[in-house]
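Trainee: A single structure is presented below for examination.
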Amino acid sequence: MNVSRRLLFASAFWEVARPRTALNAGHLLIRLTNPAMAFDLRSAADWLHCHNIARQALTDVLGASRCTVVFAHKWHPIGAAIGEPEAESSTPTFHVFGRWDAEPVTPGAQLRLPVQRRVPAAAEELKEYDGGLRAALRRLAAEHEAVARWHFAAMLTSDTAAKCHLADLDPEIASRAPQFKAGAHHTVLAPASGGPGLTPGHLLALAAAVQGLTDRPGVTGLSCVVPDPGTDGLEVHVMGRAAGESVNPMQEFLDLPKVSQALL
């Protein structure tokens, strides 16, 4: 049964919310508050802020030890939508799946089913956790703001720090073919510098690289998955989509050996 989307935390550009169809208690959204807002450096920094506190809140409340992010670009799930969360709206939205050892059902088990056969988390179960998540998000946001003010004050007195910050604004993004391919248009994007950490500059560069992949022949939209990087480098798996595609690449993606450990 679908429930109304519930706001858990609102920031300057993005918000953290509970989706209408939550696949389990660890399923959250990071959603743009106003679709007219441009994705610039400030918006990218705010997205990272929301993502980081959402991950930590899932850890604090549910014991989540890893998170996977799923999103679409210029694409809405159609038909059975195997491998894809239900579209919430046309507003840019990122699905965050926190994973923990005692979870009663995994997001991958739900996503393997046609959308009509999925069983959303019960409203009573979500209500049990949402109060704690809301409080944790507020607390973490306040702590982050205090740390950000300290770093900003330090940068004002440090030429080196300022130069390092500016150097992060245009990082290189590497594009490669995956070791195991899901569909004909499967590409892996990753910061060339490696490592799991992201800056707002990385996000802007990744957004530009994702947009560029929509220009390929036979591609009208994209489905994207970011498995938890752990101690490895972050990777964005980008699958080209088309209304007339003969194979659903997200269905194939769920069967990839590396990805199944993160999402299933």
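Every chain in the structure tokens takes a letter, A first, then B, and so on in the order presented; its residues are numbered from 1, and the ligands are numbered from 1 following the presented order.
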At a cut-off of 7 Å, using only C-alpha atoms, what residues contact region 82-89 of chain A? Leave out same-chain residues fewer than 6 positions from it and give the result as a ChimeraX atom specification.

Mentor: /A:76,111-115,250-251,254

Trainee: Using only C-alpha atoms, please write the residues we just selected to a file, as a PDB file, in the first residue's frame.

Mentor:
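Below is the file result33.pdb, written as the result:
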ATOM      1  CA  HIS A  76      10.676   7.196 -16.298  1.00  0.00           C
ATOM      2  CA  LEU A 111      13.386  -4.558  -7.412  1.00  0.00           C
ATOM      3  CA  ARG A 112      13.604  -7.981  -9.055  1.00  0.00           C
ATOM      4  CA  LEU A 113       9.803  -8.115  -8.991  1.00  0.00           C
ATOM      5  CA  PRO A 114       7.454  -6.297 -11.373  1.00  0.00           C
ATOM      6  CA  VAL A 115       6.295  -3.098  -9.756  1.00  0.00           C
ATOM      7  CA  MET A 250      18.453  -2.828 -15.094  1.00  0.00           C
ATOM      8  CA  GLN A 251      17.193  -6.405 -14.924  1.00  0.00           C
ATOM      9  CA  LEU A 254      20.837  -6.864 -10.815  1.00  0.00           C
TER      10      LEU A 254
END

Trainee: Could you pull out the alpha helix (DSSP H) residues of region 8-204 of chain A, going by DSSP on the backbone, and write them as a VMD selection string?

Mentor: chain A and resid 41 to 62 107 to 111 123 to 156 159 to 167 200 to 204

Trainee: Given the choices A:Leu23, A:Pro191, A:Val238, A:Arg5, which gets closest to Arg118 (chain A) if the distance is worked out from only C-alpha atoms?

Mentor: A:Leu23

Trainee: Run DSSP on the backbone of this structure and report the residues of region 24-253 of chain A it assigns to strand (DSSP E), as a short mmCIF file (atom, residue, chain, number, x, y, z; two decimals) with all heavy atoms, in the first residue's frame.

Mentor:
data_model
loop_
_atom_site.label_atom_id
_atom_site.label_comp_id
_atom_site.auth_asym_id
_atom_site.auth_seq_id
_atom_site.Cartn_x
_atom_site.Cartn_y
_atom_site.Cartn_z
N HIS A 27 14.77 2.88 2.87
CA HIS A 27 14.57 3.53 1.57
C HIS A 27 14.16 4.99 1.78
O HIS A 27 13.07 5.28 2.27
CB HIS A 27 13.49 2.77 0.80
CG HIS A 27 13.25 3.27 -0.59
ND1 HIS A 27 12.27 2.75 -1.41
CD2 HIS A 27 13.85 4.25 -1.32
CE1 HIS A 27 12.28 3.38 -2.58
NE2 HIS A 27 13.22 4.31 -2.54
N LEU A 28 15.05 5.91 1.39
CA LEU A 28 14.79 7.34 1.49
C LEU A 28 14.95 8.00 0.12
O LEU A 28 15.49 7.39 -0.81
CB LEU A 28 15.76 8.00 2.48
CG LEU A 28 15.75 7.51 3.93
CD1 LEU A 28 16.80 8.25 4.74
CD2 LEU A 28 14.37 7.65 4.55
N LEU A 29 14.51 9.24 0.02
CA LEU A 29 14.69 10.04 -1.19
C LEU A 29 15.52 11.27 -0.87
O LEU A 29 15.39 11.85 0.21
CB LEU A 29 13.35 10.52 -1.75
CG LEU A 29 12.29 9.50 -2.12
CD1 LEU A 29 11.03 10.23 -2.58
CD2 LEU A 29 12.80 8.57 -3.21
N ILE A 30 16.35 11.68 -1.82
CA ILE A 30 16.91 13.03 -1.83
C ILE A 30 16.31 13.70 -3.05
O ILE A 30 16.51 13.26 -4.19
CB ILE A 30 18.45 13.02 -1.90
CG1 ILE A 30 19.02 12.29 -0.69
CG2 ILE A 30 18.99 14.46 -1.95
CD1 ILE A 30 20.54 12.15 -0.72
N ARG A 31 15.55 14.75 -2.82
CA ARG A 31 14.68 15.31 -3.86
C ARG A 31 14.87 16.81 -3.95
O ARG A 31 14.95 17.50 -2.93
CB ARG A 31 13.23 14.96 -3.49
CG ARG A 31 12.17 15.37 -4.47
CD ARG A 31 10.84 14.77 -4.02
NE ARG A 31 9.75 15.19 -4.89
CZ ARG A 31 9.03 16.27 -4.70
NH1 ARG A 31 9.25 17.06 -3.66
NH2 ARG A 31 8.06 16.58 -5.55
N LEU A 32 14.95 17.34 -5.17
CA LEU A 32 15.10 18.77 -5.38
C LEU A 32 13.81 19.47 -4.95
O LEU A 32 12.71 19.08 -5.35
CB LEU A 32 15.40 19.05 -6.85
CG LEU A 32 15.84 20.48 -7.20
CD1 LEU A 32 17.14 20.84 -6.51
CD2 LEU A 32 15.99 20.61 -8.72
N ARG A 66 26.03 0.41 4.88
CA ARG A 66 26.34 0.78 3.49
C ARG A 66 25.08 1.32 2.84
O ARG A 66 23.96 1.07 3.30
CB ARG A 66 26.91 -0.41 2.71
CG ARG A 66 26.01 -1.62 2.68
CD ARG A 66 26.79 -2.86 2.26
NE ARG A 66 25.92 -4.01 2.05
CZ ARG A 66 25.44 -4.77 3.02
NH1 ARG A 66 25.73 -4.49 4.28
NH2 ARG A 66 24.66 -5.81 2.75
N CYS A 67 25.27 2.04 1.76
CA CYS A 67 24.14 2.66 1.04
C CYS A 67 24.37 2.58 -0.46
O CYS A 67 25.50 2.74 -0.94
CB CYS A 67 23.99 4.13 1.43
SG CYS A 67 23.25 4.42 3.05
N THR A 68 23.30 2.35 -1.19
CA THR A 68 23.30 2.38 -2.64
C THR A 68 22.37 3.51 -3.10
O THR A 68 21.32 3.72 -2.49
CB THR A 68 22.81 1.03 -3.22
OG1 THR A 68 23.77 0.02 -2.89
CG2 THR A 68 22.64 1.11 -4.72
N VAL A 69 22.77 4.22 -4.14
CA VAL A 69 21.95 5.30 -4.68
C VAL A 69 21.51 4.91 -6.09
O VAL A 69 22.33 4.45 -6.90
CB VAL A 69 22.74 6.63 -4.72
CG1 VAL A 69 21.91 7.73 -5.39
CG2 VAL A 69 23.15 7.05 -3.32
N VAL A 70 20.22 5.09 -6.38
CA VAL A 70 19.65 4.78 -7.69
C VAL A 70 18.91 6.02 -8.19
O VAL A 70 18.15 6.64 -7.43
CB VAL A 70 18.67 3.59 -7.60
CG1 VAL A 70 18.05 3.30 -8.97
CG2 VAL A 70 19.38 2.35 -7.06
N PHE A 71 19.15 6.40 -9.45
CA PHE A 71 18.43 7.54 -10.01
C PHE A 71 18.28 7.38 -11.51
O PHE A 71 18.96 6.56 -12.14
CB PHE A 71 19.13 8.86 -9.67
CG PHE A 71 20.49 9.03 -10.29
CD1 PHE A 71 20.65 9.77 -11.45
CD2 PHE A 71 21.62 8.49 -9.69
CE1 PHE A 71 21.91 9.95 -12.02
CE2 PHE A 71 22.88 8.67 -10.25
CZ PHE A 71 23.03 9.40 -11.41
N ALA A 72 17.37 8.15 -12.08
CA ALA A 72 17.15 8.15 -13.53
C ALA A 72 17.37 9.55 -14.06
O ALA A 72 17.20 10.54 -13.35
CB ALA A 72 15.74 7.68 -13.85
N HIS A 73 17.75 9.62 -15.33
CA HIS A 73 17.94 10.92 -15.99
C HIS A 73 17.23 10.86 -17.34
O HIS A 73 17.53 10.01 -18.18
CB HIS A 73 19.42 11.21 -16.17
CG HIS A 73 19.71 12.52 -16.85
ND1 HIS A 73 19.31 13.72 -16.34
CD2 HIS A 73 20.34 12.80 -18.03
CE1 HIS A 73 19.69 14.70 -17.14
NE2 HIS A 73 20.31 14.17 -18.18
N THR A 93 15.14 13.27 -8.52
CA THR A 93 15.02 12.48 -7.30
C THR A 93 16.06 11.38 -7.29
O THR A 93 16.29 10.71 -8.30
CB THR A 93 13.61 11.85 -7.21
OG1 THR A 93 12.62 12.88 -7.21
CG2 THR A 93 13.46 11.01 -5.96
N PHE A 94 16.68 11.18 -6.13
CA PHE A 94 17.66 10.11 -5.92
C PHE A 94 17.13 9.18 -4.83
O PHE A 94 16.75 9.64 -3.75
CB PHE A 94 19.01 10.69 -5.50
CG PHE A 94 19.65 11.56 -6.55
CD1 PHE A 94 19.23 12.87 -6.75
CD2 PHE A 94 20.67 11.05 -7.35
CE1 PHE A 94 19.82 13.66 -7.72
CE2 PHE A 94 21.26 11.85 -8.33
CZ PHE A 94 20.83 13.15 -8.52
N HIS A 95 17.10 7.88 -5.12
CA HIS A 95 16.67 6.89 -4.15
C HIS A 95 17.90 6.39 -3.38
O HIS A 95 18.87 5.93 -3.99
CB HIS A 95 15.98 5.72 -4.84
CG HIS A 95 14.70 6.09 -5.51
ND1 HIS A 95 13.46 5.85 -4.95
CD2 HIS A 95 14.46 6.71 -6.71
CE1 HIS A 95 12.51 6.29 -5.76
NE2 HIS A 95 13.09 6.83 -6.83
N VAL A 96 17.85 6.49 -2.07
CA VAL A 96 18.94 6.03 -1.21
C VAL A 96 18.47 4.79 -0.46
O VAL A 96 17.43 4.82 0.21
CB VAL A 96 19.34 7.13 -0.20
CG1 VAL A 96 20.44 6.64 0.73
CG2 VAL A 96 19.79 8.39 -0.94
N PHE A 97 19.22 3.70 -0.61
CA PHE A 97 18.87 2.45 0.06
C PHE A 97 19.93 2.14 1.11
O PHE A 97 21.05 1.73 0.79
CB PHE A 97 18.79 1.30 -0.95
CG PHE A 97 17.67 1.45 -1.94
CD1 PHE A 97 17.92 1.90 -3.22
CD2 PHE A 97 16.36 1.14 -1.59
CE1 PHE A 97 16.89 2.04 -4.15
CE2 PHE A 97 15.32 1.27 -2.50
CZ PHE A 97 15.59 1.72 -3.78
N GLY A 98 19.59 2.34 2.38
CA GLY A 98 20.47 1.95 3.46
C GLY A 98 20.37 0.45 3.68
O GLY A 98 19.28 -0.13 3.61
N ARG A 99 21.51 -0.19 3.92
CA ARG A 99 21.54 -1.64 4.11
C ARG A 99 22.07 -1.98 5.49
O ARG A 99 23.07 -1.41 5.94
CB ARG A 99 22.45 -2.28 3.04
CG ARG A 99 22.09 -1.93 1.60
CD ARG A 99 20.72 -2.49 1.21
NE ARG A 99 20.60 -3.88 1.61
CZ ARG A 99 21.16 -4.90 0.97
NH1 ARG A 99 21.88 -4.68 -0.12
NH2 ARG A 99 21.00 -6.14 1.39
N ILE A 173 36.83 13.21 -14.85
CA ILE A 173 35.97 12.03 -14.71
C ILE A 173 36.39 11.00 -15.76
O ILE A 173 36.45 11.31 -16.95
CB ILE A 173 34.49 12.39 -14.89
CG1 ILE A 173 34.06 13.42 -13.85
CG2 ILE A 173 33.62 11.13 -14.79
CD1 ILE A 173 34.19 12.97 -12.41
N ALA A 174 36.70 9.80 -15.30
CA ALA A 174 37.08 8.71 -16.21
C ALA A 174 35.83 7.96 -16.65
O ALA A 174 34.90 7.75 -15.87
CB ALA A 174 38.05 7.77 -15.52
N SER A 175 35.80 7.55 -17.91
CA SER A 175 34.70 6.78 -18.47
C SER A 175 35.26 5.49 -19.05
O SER A 175 36.24 5.53 -19.81
CB SER A 175 33.98 7.58 -19.55
OG SER A 175 32.98 6.81 -20.18
N ARG A 176 34.66 4.36 -18.71
CA ARG A 176 35.17 3.09 -19.22
C ARG A 176 34.02 2.10 -19.41
O ARG A 176 32.92 2.27 -18.87
CB ARG A 176 36.20 2.50 -18.27
CG ARG A 176 35.65 2.14 -16.89
CD ARG A 176 36.67 1.39 -16.05
NE ARG A 176 36.19 1.11 -14.70
CZ ARG A 176 35.39 0.10 -14.39
NH1 ARG A 176 34.98 -0.73 -15.34
NH2 ARG A 176 34.99 -0.10 -13.14
N HIS A 186 26.01 0.35 -21.49
CA HIS A 186 26.40 0.37 -20.07
C HIS A 186 27.81 0.98 -19.95
O HIS A 186 28.77 0.47 -20.52
CB HIS A 186 26.39 -1.05 -19.50
CG HIS A 186 26.72 -1.14 -18.05
ND1 HIS A 186 26.81 -2.35 -17.39
CD2 HIS A 186 26.99 -0.18 -17.12
CE1 HIS A 186 27.12 -2.13 -16.12
NE2 HIS A 186 27.24 -0.83 -15.95
N THR A 187 27.90 2.08 -19.23
CA THR A 187 29.16 2.80 -19.05
C THR A 187 29.40 3.01 -17.56
O THR A 187 28.45 3.19 -16.79
CB THR A 187 29.11 4.17 -19.76
OG1 THR A 187 28.86 3.97 -21.14
CG2 THR A 187 30.42 4.93 -19.58
N VAL A 188 30.66 2.98 -17.15
CA VAL A 188 31.02 3.26 -15.76
C VAL A 188 31.77 4.59 -15.70
O VAL A 188 32.77 4.78 -16.41
CB VAL A 188 31.89 2.13 -15.16
CG1 VAL A 188 32.28 2.47 -13.72
CG2 VAL A 188 31.15 0.81 -15.19
N LEU A 189 31.28 5.50 -14.88
CA LEU A 189 31.94 6.79 -14.65
C LEU A 189 32.53 6.79 -13.25
O LEU A 189 31.95 6.26 -12.31
CB LEU A 189 30.93 7.94 -14.77
CG LEU A 189 30.18 8.08 -16.09
CD1 LEU A 189 29.14 9.18 -15.99
CD2 LEU A 189 31.15 8.37 -17.23
N ALA A 190 33.70 7.42 -13.12
CA ALA A 190 34.35 7.49 -11.81
C ALA A 190 35.32 8.66 -11.79
O ALA A 190 35.94 8.97 -12.81
CB ALA A 190 35.11 6.19 -11.51
N PRO A 191 35.46 9.33 -10.64
CA PRO A 191 36.50 10.36 -10.53
C PRO A 191 37.86 9.75 -10.81
O PRO A 191 38.20 8.68 -10.28
CB PRO A 191 36.37 10.83 -9.07
CG PRO A 191 34.96 10.48 -8.68
CD PRO A 191 34.65 9.21 -9.41
N GLY A 221 17.23 8.01 -22.59
CA GLY A 221 17.31 8.31 -21.17
C GLY A 221 18.29 7.39 -20.50
O GLY A 221 18.91 6.53 -21.16
N LEU A 222 18.46 7.54 -19.20
CA LEU A 222 19.47 6.78 -18.47
C LEU A 222 18.91 6.26 -17.14
O LEU A 222 18.14 6.94 -16.47
CB LEU A 222 20.69 7.66 -18.17
CG LEU A 222 21.38 8.33 -19.35
CD1 LEU A 222 22.40 9.34 -18.86
CD2 LEU A 222 22.05 7.30 -20.26
N SER A 223 19.33 5.06 -16.78
CA SER A 223 19.15 4.54 -15.43
C SER A 223 20.53 4.42 -14.80
O SER A 223 21.46 3.88 -15.43
CB SER A 223 18.48 3.16 -15.46
OG SER A 223 17.14 3.25 -15.90
N CYS A 224 20.67 4.90 -13.58
CA CYS A 224 22.00 4.99 -12.96
C CYS A 224 21.98 4.38 -11.56
O CYS A 224 21.01 4.56 -10.81
CB CYS A 224 22.44 6.45 -12.86
SG CYS A 224 22.39 7.34 -14.45
N VAL A 225 23.05 3.68 -11.24
CA VAL A 225 23.20 3.05 -9.93
C VAL A 225 24.59 3.36 -9.41
O VAL A 225 25.59 3.23 -10.13
CB VAL A 225 23.00 1.52 -9.99
CG1 VAL A 225 23.14 0.91 -8.60
CG2 VAL A 225 21.65 1.17 -10.59
N VAL A 226 24.65 3.77 -8.14
CA VAL A 226 25.93 4.04 -7.47
C VAL A 226 26.04 3.09 -6.29
O VAL A 226 25.50 3.35 -5.21
CB VAL A 226 26.02 5.50 -6.99
CG1 VAL A 226 27.44 5.80 -6.49
CG2 VAL A 226 25.60 6.47 -8.08
N VAL A 236 29.86 5.14 -10.85
CA VAL A 236 28.48 5.36 -11.26
C VAL A 236 28.22 4.50 -12.49
O VAL A 236 28.84 4.70 -13.54
CB VAL A 236 28.21 6.84 -11.59
CG1 VAL A 236 26.75 7.04 -11.98
CG2 VAL A 236 28.58 7.73 -10.41
N HIS A 237 27.34 3.52 -12.35
CA HIS A 237 26.96 2.67 -13.48
C HIS A 237 25.81 3.34 -14.21
O HIS A 237 24.75 3.59 -13.63
CB HIS A 237 26.56 1.27 -13.00
CG HIS A 237 27.71 0.47 -12.49
ND1 HIS A 237 28.33 -0.50 -13.25
CD2 HIS A 237 28.36 0.51 -11.30
CE1 HIS A 237 29.32 -1.04 -12.53
NE2 HIS A 237 29.35 -0.44 -11.36
N VAL A 238 26.01 3.63 -15.49
CA VAL A 238 25.02 4.36 -16.29
C VAL A 238 24.55 3.44 -17.43
O VAL A 238 25.37 3.00 -18.25
CB VAL A 238 25.62 5.65 -16.87
CG1 VAL A 238 24.56 6.42 -17.64
CG2 VAL A 238 26.22 6.51 -15.76
N MET A 239 23.26 3.14 -17.44
CA MET A 239 22.66 2.29 -18.47
C MET A 239 21.78 3.12 -19.39
O MET A 239 20.83 3.76 -18.93
CB MET A 239 21.83 1.17 -17.83
CG MET A 239 22.63 -0.07 -17.43
SD MET A 239 23.72 0.17 -16.01
CE MET A 239 22.56 0.45 -14.69
N GLY A 240 22.09 3.10 -20.69
CA GLY A 240 21.25 3.79 -21.66
C GLY A 240 19.91 3.09 -21.82
O GLY A 240 19.84 1.86 -21.85
N ARG A 241 18.83 3.90 -21.91
CA ARG A 241 17.48 3.35 -22.01
C ARG A 241 16.78 3.89 -23.26
O ARG A 241 17.11 4.96 -23.76
CB ARG A 241 16.65 3.73 -20.78
CG ARG A 241 17.27 3.36 -19.45
CD ARG A 241 17.53 1.86 -19.31
NE ARG A 241 16.34 1.07 -19.46
CZ ARG A 241 15.52 0.72 -18.45
NH1 ARG A 241 15.79 1.13 -17.22
NH2 ARG A 241 14.46 -0.05 -18.67
#

Trainee: Select, from A:Met37, A:Leu126, A:Ser65, A:Ser43, the residue with the minimum atom-to-atom distance to Arg6 (chain A), counting only C-alpha atoms.

Mentor: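 Ranked by minimum distance to Arg6 (chain A), first place goes to A:Leu126.
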
Trainee: Check the smallest atom-to-atom distance from each of A:Thr21, A:Ala36, A:Arg55, A:Phe13 to Asp228 (chain A) using only C-alpha atoms, then report the winner.

Mentor: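 With only C-alpha atoms as the atom set, the closest residue is A:Arg55.
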
Trainee: When you draw a straight line from CA of Lys181 (chain A) to CA of Ala205 (chain A), how long is it in Å?

Mentor: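 The value is 23.4 Å.
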
Trainee: What is the CA of Ala25 (chain A) to CA of Val105 (chain A) distance in Å?

Mentor: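 So the answer is 9.2 Å.
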
Trainee: Considering only C-alpha atoms, return as number ranges by chain whatever protein or nucleic-acid residues lie within 12 Å of Lys127 (chain A), sequence-local ones (same chain, fewer than 2 positions apart) excluded.

Mentor: A: 3-6, 8, 18, 22, 25, 121-125, 129-134

Trainee: Would you output that residue set with N, CA, C and O atoms, as a short mmCIF file (atom, residue, chain, number, x, y, z; two decimals), in the first residue's frame?

Mentor:
data_model
loop_
_atom_site.label_atom_id
_atom_site.label_comp_id
_atom_site.auth_asym_id
_atom_site.auth_seq_id
_atom_site.Cartn_x
_atom_site.Cartn_y
_atom_site.Cartn_z
N VAL A 3 1.86 5.10 0.71
CA VAL A 3 1.56 6.11 1.72
C VAL A 3 1.95 7.46 1.14
O VAL A 3 2.59 7.55 0.10
N SER A 4 1.55 8.52 1.80
CA SER A 4 1.94 9.84 1.32
C SER A 4 3.42 10.05 1.55
O SER A 4 3.99 9.54 2.52
N ARG A 5 4.06 10.78 0.64
CA ARG A 5 5.48 11.08 0.82
C ARG A 5 5.64 11.99 2.03
O ARG A 5 4.92 12.97 2.18
N ARG A 6 6.58 11.65 2.92
CA ARG A 6 6.74 12.40 4.17
C ARG A 6 8.10 13.08 4.19
O ARG A 6 9.14 12.42 4.01
N LEU A 8 11.29 14.52 5.80
CA LEU A 8 12.08 14.27 7.01
C LEU A 8 13.04 15.41 7.31
O LEU A 8 13.33 15.68 8.47
N ARG A 18 10.67 10.43 2.91
CA ARG A 18 10.28 9.03 2.80
C ARG A 18 9.43 8.89 1.54
O ARG A 18 8.48 9.64 1.34
N ALA A 22 7.91 2.94 -0.19
CA ALA A 22 9.21 2.58 0.38
C ALA A 22 9.38 1.07 0.32
O ALA A 22 8.52 0.32 0.80
N ALA A 25 12.52 -0.16 5.26
CA ALA A 25 12.68 0.98 6.18
C ALA A 25 13.91 1.82 5.87
O ALA A 25 14.00 2.97 6.31
N ALA A 121 6.95 -1.37 2.41
CA ALA A 121 7.03 -1.43 3.87
C ALA A 121 5.74 -0.88 4.47
O ALA A 121 5.15 0.07 3.94
N ALA A 122 5.30 -1.48 5.56
CA ALA A 122 4.05 -1.06 6.20
C ALA A 122 4.20 0.33 6.79
O ALA A 122 5.26 0.70 7.30
N ALA A 123 3.11 1.09 6.73
CA ALA A 123 3.12 2.45 7.25
C ALA A 123 3.48 2.48 8.73
O ALA A 123 4.18 3.38 9.19
N GLU A 124 3.00 1.48 9.49
CA GLU A 124 3.30 1.43 10.92
C GLU A 124 4.80 1.23 11.17
O GLU A 124 5.37 1.84 12.08
N GLU A 125 5.44 0.39 10.34
CA GLU A 125 6.87 0.17 10.48
C GLU A 125 7.65 1.44 10.17
O GLU A 125 8.59 1.81 10.90
N TYR A 129 10.24 4.30 12.65
CA TYR A 129 11.60 4.77 12.43
C TYR A 129 11.69 6.25 12.05
O TYR A 129 12.73 6.88 12.27
N ASP A 130 10.64 6.79 11.45
CA ASP A 130 10.75 8.12 10.86
C ASP A 130 10.98 9.22 11.89
O ASP A 130 11.66 10.21 11.61
N GLY A 131 10.42 9.07 13.08
CA GLY A 131 10.68 10.06 14.12
C GLY A 131 12.16 10.12 14.48
O GLY A 131 12.73 11.20 14.62
N GLY A 132 12.78 8.94 14.62
CA GLY A 132 14.20 8.90 14.92
C GLY A 132 15.05 9.43 13.79
O GLY A 132 16.05 10.13 14.02
N LEU A 133 14.66 9.12 12.54
CA LEU A 133 15.40 9.64 11.39
C LEU A 133 15.30 11.16 11.30
O LEU A 133 16.30 11.85 11.05
N ARG A 134 14.11 11.68 11.55
CA ARG A 134 13.91 13.13 11.49
C ARG A 134 14.78 13.84 12.54
O ARG A 134 15.44 14.85 12.25
#

Trainee: So, counting only C-alpha atoms, which residue among A:Val219, A:Ala57, A:Ala182, A:Ala38 is closest to Glu252 (chain A)?

Mentor: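 When distances to Glu252 (chain A) are compared using only C-alpha atoms, the smallest one comes from A:Ala182.
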
Trainee: Give me, as a list of chain:residue names, all polymer residues having an atom no more than 10 Å from Ala207 (chain A), counting only C-alpha atoms and skipping those fewer than 5 positions away in the same chain.

Mentor: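 Near Ala207 (chain A), the qualifying residues are A:Phe39, A:Ala44, A:His73, A:Gly201, A:His202, A:Gly212.
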
Trainee: Would you save the residues of that selection, restricted to all heavy atoms, as a PDB file, in the first residue's frame?

Mentor:
ATOM      1  N   PHE A  39      21.485  23.231 -11.243  1.00  0.00           N
ATOM      2  CA  PHE A  39      22.437  22.396 -10.510  1.00  0.00           C
ATOM      3  C   PHE A  39      23.813  23.031 -10.636  1.00  0.00           C
ATOM      4  O   PHE A  39      24.560  22.785 -11.571  1.00  0.00           O
ATOM      5  CB  PHE A  39      22.438  20.970 -11.059  1.00  0.00           C
ATOM      6  CG  PHE A  39      23.221  20.014 -10.191  1.00  0.00           C
ATOM      7  CD1 PHE A  39      22.851  19.773  -8.882  1.00  0.00           C
ATOM      8  CD2 PHE A  39      24.336  19.363 -10.691  1.00  0.00           C
ATOM      9  CE1 PHE A  39      23.573  18.896  -8.077  1.00  0.00           C
ATOM     10  CE2 PHE A  39      25.061  18.488  -9.906  1.00  0.00           C
ATOM     11  CZ  PHE A  39      24.679  18.257  -8.596  1.00  0.00           C
ATOM     12  N   ALA A  44      25.118  21.471  -5.651  1.00  0.00           N
ATOM     13  CA  ALA A  44      25.908  20.247  -5.495  1.00  0.00           C
ATOM     14  C   ALA A  44      26.383  20.080  -4.055  1.00  0.00           C
ATOM     15  O   ALA A  44      26.342  18.976  -3.502  1.00  0.00           O
ATOM     16  CB  ALA A  44      27.106  20.274  -6.450  1.00  0.00           C
ATOM     17  N   HIS A  73      17.754   9.622 -15.332  1.00  0.00           N
ATOM     18  CA  HIS A  73      17.936  10.917 -15.992  1.00  0.00           C
ATOM     19  C   HIS A  73      17.232  10.862 -17.339  1.00  0.00           C
ATOM     20  O   HIS A  73      17.530  10.014 -18.179  1.00  0.00           O
ATOM     21  CB  HIS A  73      19.423  11.209 -16.172  1.00  0.00           C
ATOM     22  CG  HIS A  73      19.713  12.520 -16.854  1.00  0.00           C
ATOM     23  ND1 HIS A  73      19.311  13.724 -16.339  1.00  0.00           N
ATOM     24  CD2 HIS A  73      20.342  12.801 -18.027  1.00  0.00           C
ATOM     25  CE1 HIS A  73      19.686  14.700 -17.138  1.00  0.00           C
ATOM     26  NE2 HIS A  73      20.308  14.167 -18.176  1.00  0.00           N
ATOM     27  N   GLY A 201      32.619  19.740  -6.683  1.00  0.00           N
ATOM     28  CA  GLY A 201      33.188  19.741  -8.032  1.00  0.00           C
ATOM     29  C   GLY A 201      33.061  18.398  -8.713  1.00  0.00           C
ATOM     30  O   GLY A 201      32.773  18.315  -9.916  1.00  0.00           O
ATOM     31  N   HIS A 202      33.276  17.316  -7.957  1.00  0.00           N
ATOM     32  CA  HIS A 202      33.086  15.976  -8.514  1.00  0.00           C
ATOM     33  C   HIS A 202      31.647  15.794  -8.986  1.00  0.00           C
ATOM     34  O   HIS A 202      31.403  15.232 -10.062  1.00  0.00           O
ATOM     35  CB  HIS A 202      33.393  14.906  -7.453  1.00  0.00           C
ATOM     36  CG  HIS A 202      34.845  14.667  -7.220  1.00  0.00           C
ATOM     37  ND1 HIS A 202      35.426  14.731  -5.977  1.00  0.00           N
ATOM     38  CD2 HIS A 202      35.847  14.369  -8.083  1.00  0.00           C
ATOM     39  CE1 HIS A 202      36.710  14.476  -6.079  1.00  0.00           C
ATOM     40  NE2 HIS A 202      36.997  14.256  -7.349  1.00  0.00           N
ATOM     41  N   GLY A 212      26.207  13.916 -21.003  1.00  0.00           N
ATOM     42  CA  GLY A 212      26.836  13.606 -22.282  1.00  0.00           C
ATOM     43  C   GLY A 212      26.472  12.226 -22.802  1.00  0.00           C
ATOM     44  O   GLY A 212      26.441  12.001 -24.022  1.00  0.00           O
TER      45      GLY A 212
END
